[in-house]
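Q: Next comes the structure file entry22.txt, holding compact mmCIF, C-alpha atoms and all ligand atoms.
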```txt
# COMPACT_ATOMS: atom_id res chain seq x y z
CA MET N 1093 39.20 -38.35 82.40
CA THR N 1094 41.99 -37.39 84.77
CA ALA N 1095 43.71 -39.82 87.09
CA GLY N 1096 42.37 -39.88 90.63
CA ARG N 1097 38.99 -38.46 89.67
CA ILE N 1098 36.22 -40.95 88.89
CA PRO N 1099 33.43 -39.56 86.66
CA ALA N 1100 30.05 -39.34 88.39
CA GLU N 1101 28.45 -41.25 85.51
CA LEU N 1102 30.73 -44.26 86.09
CA VAL N 1103 29.92 -44.26 89.82
CA THR N 1104 26.19 -44.20 89.00
CA VAL N 1105 26.54 -47.09 86.53
CA ILE N 1106 28.43 -49.24 89.08
CA ALA N 1107 26.05 -48.36 91.94
CA SER N 1108 23.08 -49.23 89.73
CA GLY N 1109 24.66 -52.59 88.88
CA VAL N 1110 25.14 -53.41 92.57
CA PHE N 1111 21.55 -52.31 93.29
CA GLY N 1112 20.51 -54.64 90.44
CA LEU N 1113 22.07 -57.62 92.29
CA PHE N 1114 19.72 -56.96 95.24
CA VAL N 1115 16.73 -56.45 92.92
CA GLY N 1116 17.69 -59.81 91.36
CA SER N 1117 17.53 -61.37 94.83
CA PHE N 1118 13.97 -59.98 95.16
CA LEU N 1119 13.11 -61.26 91.65
CA ASN N 1120 14.10 -64.78 92.80
CA VAL N 1121 11.38 -64.50 95.45
CA VAL N 1122 8.87 -63.15 92.88
CA ILE N 1123 9.74 -65.92 90.37
CA TYR N 1124 9.38 -68.68 92.97
CA ARG N 1125 6.32 -67.44 94.88
CA THR N 1126 3.92 -65.54 92.57
CA PRO N 1127 3.05 -68.49 90.26
CA LEU N 1128 2.19 -70.48 93.43
CA GLY N 1129 0.00 -67.65 94.71
CA LEU N 1130 2.23 -67.10 97.77
CA SER N 1131 2.91 -63.72 99.42
CA ILE N 1132 6.18 -62.07 98.38
CA ALA N 1133 6.31 -60.12 101.67
CA ARG N 1134 6.00 -62.95 104.22
CA PRO N 1135 7.62 -65.14 105.34
CA ARG N 1136 11.25 -64.12 104.95
CA SER N 1137 13.45 -66.11 102.57
CA PHE N 1138 13.75 -69.74 103.61
CA CYS N 1139 15.48 -72.91 102.45
CA THR N 1140 13.00 -74.68 100.17
CA SER N 1141 14.30 -78.03 101.46
CA CYS N 1142 14.38 -77.74 105.28
CA GLU N 1143 12.25 -74.54 105.46
CA ARG N 1144 14.66 -72.82 107.87
CA GLN N 1145 14.60 -69.02 107.56
CA LEU N 1146 17.79 -67.56 106.13
CA THR N 1147 19.89 -65.06 108.09
CA TRP N 1148 20.80 -61.78 106.39
CA TRP N 1149 24.31 -62.93 105.54
CA GLU N 1150 22.94 -66.02 103.77
CA ASN N 1151 20.93 -63.64 101.58
CA VAL N 1152 23.70 -61.46 100.13
CA PRO N 1153 23.36 -61.67 96.32
CA VAL N 1154 25.86 -64.00 94.58
CA VAL N 1155 28.38 -63.75 97.48
CA SER N 1156 26.41 -65.98 99.88
CA TRP N 1157 25.88 -68.67 97.27
CA LEU N 1158 29.61 -68.73 96.49
CA ALA N 1159 30.65 -68.65 100.19
CA LEU N 1160 28.27 -71.53 101.06
CA ARG N 1161 29.33 -73.37 97.87
CA GLY N 1162 25.73 -73.62 96.68
CA ARG N 1163 24.47 -75.59 99.70
CA CYS N 1164 22.08 -74.91 102.60
CA ARG N 1165 24.04 -74.36 105.83
CA SER N 1166 21.85 -76.69 107.93
CA CYS N 1167 20.48 -79.42 105.64
CA SER N 1168 23.23 -79.30 102.95
CA ALA N 1169 20.58 -79.41 100.21
CA ALA N 1170 21.89 -78.04 96.91
CA VAL N 1171 20.78 -74.48 96.19
CA SER N 1172 20.16 -74.05 92.46
CA PRO N 1173 22.79 -71.95 90.63
CA ARG N 1174 19.77 -70.26 89.06
CA TYR N 1175 19.55 -67.96 92.13
CA PRO N 1176 22.98 -66.28 91.76
CA MET N 1177 22.55 -66.33 87.97
CA VAL N 1178 19.28 -64.34 88.18
CA GLU N 1179 20.99 -61.88 90.58
CA LEU N 1180 23.98 -61.51 88.26
CA ALA N 1181 21.76 -61.12 85.17
CA THR N 1182 19.72 -58.38 86.89
CA GLY N 1183 22.94 -56.60 87.89
CA VAL N 1184 24.21 -56.73 84.30
CA VAL N 1185 20.87 -55.51 82.90
CA PHE N 1186 20.75 -52.57 85.37
CA THR N 1187 24.36 -51.69 84.45
CA LEU N 1188 23.52 -51.67 80.72
CA VAL N 1189 20.29 -49.66 81.16
CA THR N 1190 22.12 -47.06 83.30
CA TRP N 1191 25.00 -46.88 80.83
CA ALA N 1192 22.59 -46.39 77.87
CA ASN N 1193 20.80 -43.56 79.75
CA HIS N 1194 24.11 -41.94 80.80
CA GLY N 1195 23.24 -42.32 84.48
CA SER N 1196 20.28 -39.90 84.31
CA PHE N 1197 17.15 -40.37 86.44
CA ARG N 1198 15.42 -41.71 83.33
CA THR N 1199 17.37 -44.91 84.03
CA ALA N 1200 15.03 -45.73 86.94
CA PRO N 1201 11.74 -46.42 85.07
CA PHE N 1202 13.54 -48.45 82.42
CA CYS N 1203 15.22 -50.55 85.15
CA SER N 1204 11.79 -51.23 86.65
CA LEU N 1205 10.45 -52.41 83.27
CA ALA N 1206 13.57 -54.52 82.60
CA ALA N 1207 13.25 -56.18 86.03
CA GLY N 1208 9.57 -56.95 85.33
CA MET N 1209 10.53 -58.45 81.97
CA LEU N 1210 13.18 -60.68 83.58
CA ALA N 1211 10.64 -61.92 86.13
CA VAL N 1212 7.98 -62.68 83.49
CA ALA N 1213 10.52 -64.44 81.21
CA LEU N 1214 11.91 -66.58 84.04
CA ILE N 1215 8.47 -67.51 85.44
CA GLU N 1216 7.56 -68.59 81.92
CA TYR N 1217 10.87 -70.45 81.55
CA GLU N 1218 9.97 -72.45 84.68
CA GLY N 1219 6.80 -73.51 82.87
CA HIS N 1220 4.35 -71.35 84.83
CA ARG N 1221 1.99 -68.59 83.76
CA ALA N 1222 3.20 -65.16 84.87
CA PRO N 1223 0.43 -63.40 86.85
CA LEU N 1224 -0.62 -60.03 85.36
CA GLY N 1225 0.25 -58.49 88.74
CA VAL N 1226 3.99 -58.95 88.10
CA ALA N 1227 3.96 -56.96 84.85
CA GLY N 1228 1.37 -54.56 86.34
CA ALA N 1229 3.46 -53.75 89.43
CA ALA N 1230 6.65 -53.16 87.39
CA THR N 1231 4.76 -50.98 84.88
CA GLY N 1232 2.99 -49.04 87.65
CA LEU N 1233 6.30 -48.34 89.41
CA ALA N 1234 7.84 -47.33 86.07
CA MET N 1235 4.97 -44.85 85.48
CA VAL N 1236 5.58 -43.25 88.91
CA LEU N 1237 9.31 -42.99 88.06
CA PHE N 1238 8.54 -41.57 84.58
CA GLY N 1239 6.36 -39.01 86.41
CA ILE N 1240 9.21 -38.01 88.76
CA ASP N 1241 11.53 -37.71 85.75
CA ALA N 1242 8.99 -35.52 83.91
CA ALA N 1243 8.67 -33.28 87.01
CA LEU N 1244 12.47 -33.01 87.35
CA THR N 1245 13.02 -32.12 83.69
CA HIS N 1246 9.73 -30.16 83.18
CA ARG N 1247 9.06 -32.24 80.07
CA TRP N 1248 5.54 -33.49 80.64
CA TRP N 1249 5.21 -35.02 77.20
CA ALA N 1250 7.84 -37.52 78.37
CA LEU N 1251 5.15 -38.89 80.70
CA GLY N 1252 2.42 -39.13 78.04
CA THR N 1253 4.10 -41.52 75.60
CA PRO N 1254 4.98 -44.29 78.13
CA LEU N 1255 1.41 -43.99 79.45
CA LEU N 1256 0.00 -44.37 75.93
CA GLY N 1257 2.34 -47.34 75.42
CA ALA N 1258 1.16 -49.03 78.63
CA LEU N 1259 -2.50 -48.48 77.62
CA ALA N 1260 -1.80 -49.96 74.16
CA GLY N 1261 -0.12 -52.96 75.81
CA MET N 1262 -3.12 -53.47 78.11
CA VAL N 1263 -5.52 -53.30 75.14
CA ALA N 1264 -3.37 -55.86 73.25
CA ILE N 1265 -3.52 -58.28 76.22
CA VAL N 1266 -7.32 -57.93 76.50
CA VAL N 1267 -7.82 -58.33 72.72
CA LEU N 1268 -5.63 -61.48 72.66
CA ARG N 1269 -7.56 -62.95 75.59
CA VAL N 1270 -10.93 -62.28 73.93
CA ALA N 1271 -9.68 -63.57 70.56
CA ASP N 1272 -8.24 -66.76 72.05
CA PRO N 1273 -9.82 -67.49 75.46
CA THR N 1274 -8.91 -71.19 75.31
CA CYS N 1275 -5.20 -70.43 75.13
CA GLU N 1276 -4.15 -71.95 78.44
CA ASP N 1277 -0.93 -73.58 77.30
CA HIS N 1278 2.58 -72.18 77.02
CA ARG N 1279 1.67 -69.94 74.08
CA GLY N 1280 -0.29 -67.66 76.38
CA HIS N 1281 2.21 -67.44 79.22
CA GLY N 1282 4.19 -64.41 78.27
CA ARG N 1283 1.41 -62.14 77.02
CA THR N 1284 1.64 -59.89 80.09
CA ALA N 1285 5.14 -58.99 78.83
CA LEU N 1286 3.36 -56.89 76.17
CA LEU N 1287 2.41 -54.39 78.90
CA LEU N 1288 6.06 -53.96 79.96
CA ALA N 1289 7.43 -53.78 76.41
CA ALA N 1290 4.78 -51.31 75.17
CA CYS N 1291 5.48 -48.97 78.12
CA TRP N 1292 9.23 -49.35 77.42
CA PHE N 1293 8.86 -48.41 73.73
CA GLY N 1294 6.56 -45.52 74.67
CA GLY N 1295 9.37 -44.12 76.81
CA LEU N 1296 11.87 -44.13 73.93
CA SER N 1297 12.55 -41.49 71.31
CA GLY N 1298 11.93 -42.18 67.60
CA ARG N 1299 15.08 -43.94 66.42
CA PRO N 1300 15.53 -46.51 69.23
CA ALA N 1301 11.76 -47.15 69.23
CA LEU N 1302 11.79 -47.86 65.48
CA ALA N 1303 14.90 -50.08 65.80
CA GLY N 1304 13.16 -51.98 68.61
CA VAL N 1305 9.87 -52.48 66.77
CA ALA N 1306 11.69 -53.62 63.59
CA THR N 1307 13.71 -56.11 65.68
CA TRP N 1308 10.53 -57.34 67.35
CA ILE N 1309 8.83 -58.11 64.01
CA VAL N 1310 11.87 -59.96 62.59
CA ALA N 1311 12.62 -61.85 65.84
CA TYR N 1312 8.98 -62.84 66.39
CA PHE N 1313 8.49 -64.37 62.96
CA ALA N 1314 11.92 -66.04 63.09
CA GLY N 1315 10.97 -67.53 66.48
CA MET N 1316 7.54 -68.68 65.25
CA THR N 1317 9.14 -70.33 62.19
CA ALA N 1318 11.78 -72.07 64.34
CA THR N 1319 9.07 -73.32 66.72
CA ALA N 1320 6.94 -74.64 63.85
CA LEU N 1321 9.92 -76.38 62.23
CA THR N 1322 10.94 -78.00 65.53
CA ALA N 1323 7.39 -79.24 66.11
CA ARG N 1324 7.19 -80.67 62.59
CA ARG N 1325 10.56 -82.39 62.87
CA ARG N 1326 9.31 -84.16 65.99
CA VAL N 1327 6.16 -85.35 64.24
CA VAL N 1328 8.17 -86.55 61.20
CA ALA N 1329 10.61 -88.37 63.50
CA GLY N 1330 7.59 -90.18 64.99
CA GLY N 1331 8.62 -89.10 68.46
CA SER N 1332 6.57 -87.35 71.07
CA GLY N 1333 5.17 -84.88 68.56
CA THR N 1334 1.76 -84.76 70.21
CA ARG N 1335 3.12 -83.54 73.52
CA SER N 1336 2.18 -79.93 74.09
CA SER N 1337 5.28 -78.97 76.07
CA PRO N 1338 8.13 -78.35 76.05
CA GLU N 1339 8.46 -77.98 72.29
CA ILE N 1340 10.51 -74.80 72.14
CA PRO N 1341 14.11 -75.72 72.96
CA VAL N 1342 15.50 -73.35 70.30
CA VAL N 1343 14.40 -70.16 72.03
CA PHE N 1344 14.77 -68.88 75.57
CA THR N 1345 11.04 -68.77 76.32
CA THR N 1346 8.15 -68.39 73.86
CA PRO N 1347 8.69 -66.55 70.55
CA LEU N 1348 6.69 -63.57 71.87
CA VAL N 1349 8.79 -63.00 75.01
CA SER N 1350 12.08 -63.83 73.25
CA ALA N 1351 11.30 -61.30 70.51
CA LEU N 1352 10.27 -58.61 73.03
CA ILE N 1353 13.54 -59.09 74.99
CA ALA N 1354 15.58 -58.91 71.76
CA ALA N 1355 13.72 -55.74 70.73
CA MET N 1356 14.30 -54.10 74.13
CA ALA N 1357 18.02 -54.97 73.97
CA VAL N 1358 18.39 -53.53 70.45
CA SER N 1359 16.51 -50.33 71.37
CA LEU N 1360 18.85 -49.93 74.37
CA VAL N 1361 21.94 -50.07 72.16
CA ALA N 1362 20.34 -47.87 69.47
CA GLY N 1363 19.50 -45.22 72.07
CA ALA N 1364 22.88 -45.22 73.81
ZN ZN N 1401 18.02 -76.34 104.19
```
What do you get writing this file as structure tokens?

A:
Amino acid sequence: MTAGRIPAELVTVIASGVFGLFVGSFLNVVIYRTPLGLSIARPRSFCTSCERQLTWWENVPVVSWLALRGRCRSCSAAVSPRYPMVELATGVVFTLVTWANHGSFRTAPFCSLAAGMLAVALIEYEGHRAPLGVAGAATGLAMVLFGIDAALTHRWWALGTPLLGALAGMVAIVVLRVADPTCEDHRGHGRTALLLAACWFGGLSGRPALAGVATWIVAYFAGMTATALTARRRVVAGGSGTRSSPEIPVVFTTPLVSALIAAMAVSLVAGA
């Protein structure tokens, strides 16, 4: 690397990170509106306290929140720091995914899947059930982007494996629903994440895919054990052990989603 000349790969990684901030801003809308059954297209972003529509400069990721010191400009209601944090997290994830894929076009479908995963995990974290449409839209977009990548590189098999993965994920969701139709509590929230993760692993080559699946198995059973131990400790302590939620303070969301995120992160590093 010579002074005065910035490598194209570095520019792509930074640009992708900045793009991720704006995608994070969109994810905030998805996370807030889809569990309530509201349209993500209309109306434009508004203050959830005084319902005034936000101007474009109040909507700049992270920057606006900092400039307005986390308050609405008209009603002074506090704006949750969760909004800039989601934007920042998405920016970081896009940066990592682009770095791991060396700035190639193959970055794009993986970014779509990662964004979908963030949305599902955060909807679940808020205590809602993530609609299948969130995972479905992110996976569908990823398939289109995998298709463009396959056309660009003339490697059509690279389109087949993510497609097989997505189909396997869909089958797993249907089988789980048939096997346990009464599962309406938090345990069933994150199942749609299986669609995203299976498509993700389908898009990987052998070594990162194996590293990811191995991580998933270990992380899932560790998470299940931790959840069971926490629940039992509550019962033994004579506290609110019969309450159904929230009983999983030790993990980010449910063991399933936490394990899938860990597996995706490990596969990213293993494939870099
Ligand atoms: Zn307001």

Q: Can you work out the spacing between CA of Arg1165 (chain N) and CA of Ser1137 (chain N) in Å, to one decimal?

A: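 These atoms are spaced 13.8 Å apart.
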
Q: Please identify every polymer residue within 10 Å of ligand ZN 1401 (chain N), using only C-alpha atoms and all ligand atoms, and present the set as number ranges by chain.

A: N: 1138-1146, 1163-1171

Q: Name all residues at most 8 Å from Val1152 (chain N) (count only C-alpha atoms; drop same-chain ones fewer than 4 positions away) and give them as an NGL selection string.

A: :N and (1114 or 1148 or 1156)

Q: Which residues, written as an NGL selection string, have at least one atom at most 6 Å from region 1347-1359 of chain N, with all atoms listed in the file counted and residues fewer than 4 positions away on the same chain left out?

A: :N and (1282 or 1300 or 1303-1304 or 1307-1308 or 1311-1312 or 1315-1316 or 1363)

Q: For the atom pair CA of Val1184 (chain N) and CA of Gly1109 (chain N), what is the interatomic distance in Å to one decimal place?

A: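 It comes out at 6.2 Å.
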
Q: Write out as JSON, numbers by chain the residues lying within 9 Å of Leu1237 (chain N), counting only C-alpha atoms and excluding same-chain residues fewer than 6 positions away.

A: {"N": [1197, 1198, 1200, 1201, 1202, 1204]}

Q: Could you check which of N:Thr1346, N:Ser1196, N:Thr1284, N:Ser1172 is closest to Met1262 (chain N), using all atoms listed in the file?

A: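 Checking each of N:Thr1346, N:Ser1196, N:Thr1284, N:Ser1172 against Met1262 (chain N), counting all atoms listed in the file, the winner is N:Thr1284.
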
Q: Please measure the separation of CA of Ala1285 (chain N) and CA of Ala1207 (chain N), giving the value in Å to one decimal.

A: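 Atom-to-atom, CA of Ala1285 (chain N) and CA of Ala1207 (chain N) are spaced 11.2 Å apart.
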
Q: Using only C-alpha atoms, pick whichever of N:Arg1283, N:Ser1117, N:Val1212, N:Ala1242 has the shortest atom-to-atom distance to Ala1264 (chain N).

A: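 Under the stated criterion, the closest residue is N:Arg1283.
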
Q: When you count all atoms listed in the file, which of these residues is closest to Gly1112 (chain N): N:Ser1297, N:Thr1126, N:Thr1182, N:Thr1245?

A: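 Of N:Ser1297, N:Thr1126, N:Thr1182, N:Thr1245, the one nearest Gly1112 (chain N) is N:Thr1182, counting all atoms listed in the file.
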
Q: Please provide the set of residues having any atom within 9 Å of Leu1188 (chain N), restricted to all atoms listed in the file, with same-chain residues fewer than 3 positions apart removed, written as number ranges by chain.

A: N: 1105, 1109, 1183-1185, 1191-1193, 1360-1361

Q: Hey, which of N:Gly1219, N:Gly1225, N:Gly1295, N:Pro1173 ends up closest to Pro1254 (chain N)? Count only C-alpha atoms.

A: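 Ranking N:Gly1219, N:Gly1225, N:Gly1295, N:Pro1173 by distance to Pro1254 (chain N), first place goes to N:Gly1295.
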
Q: My list of candidates is N:Gly1208, N:Gly1257, N:Gly1239, N:Gly1129. Which is closest to Ala1290 (chain N) when distances are computed with only C-alpha atoms?

A: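 Ranking N:Gly1208, N:Gly1257, N:Gly1239, N:Gly1129 by distance to Ala1290 (chain N), first place goes to N:Gly1257.
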
Q: Check the smallest atom-to-atom distance from each of N:Leu1251, N:Ala1364, N:Phe1186, N:Leu1119 to Ala1234 (chain N) using only C-alpha atoms, then report the winner.

A: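 The answer is N:Leu1251, which sits nearest to Ala1234 (chain N).
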
Q: Using only C-alpha atoms, what residues lie at most 8 Å away from (10.2, -66.9, 98.1) (file coordinates), given as a PyMOL selection string?

A: chain N and resi 1120-1125+1130+1132+1135-1138
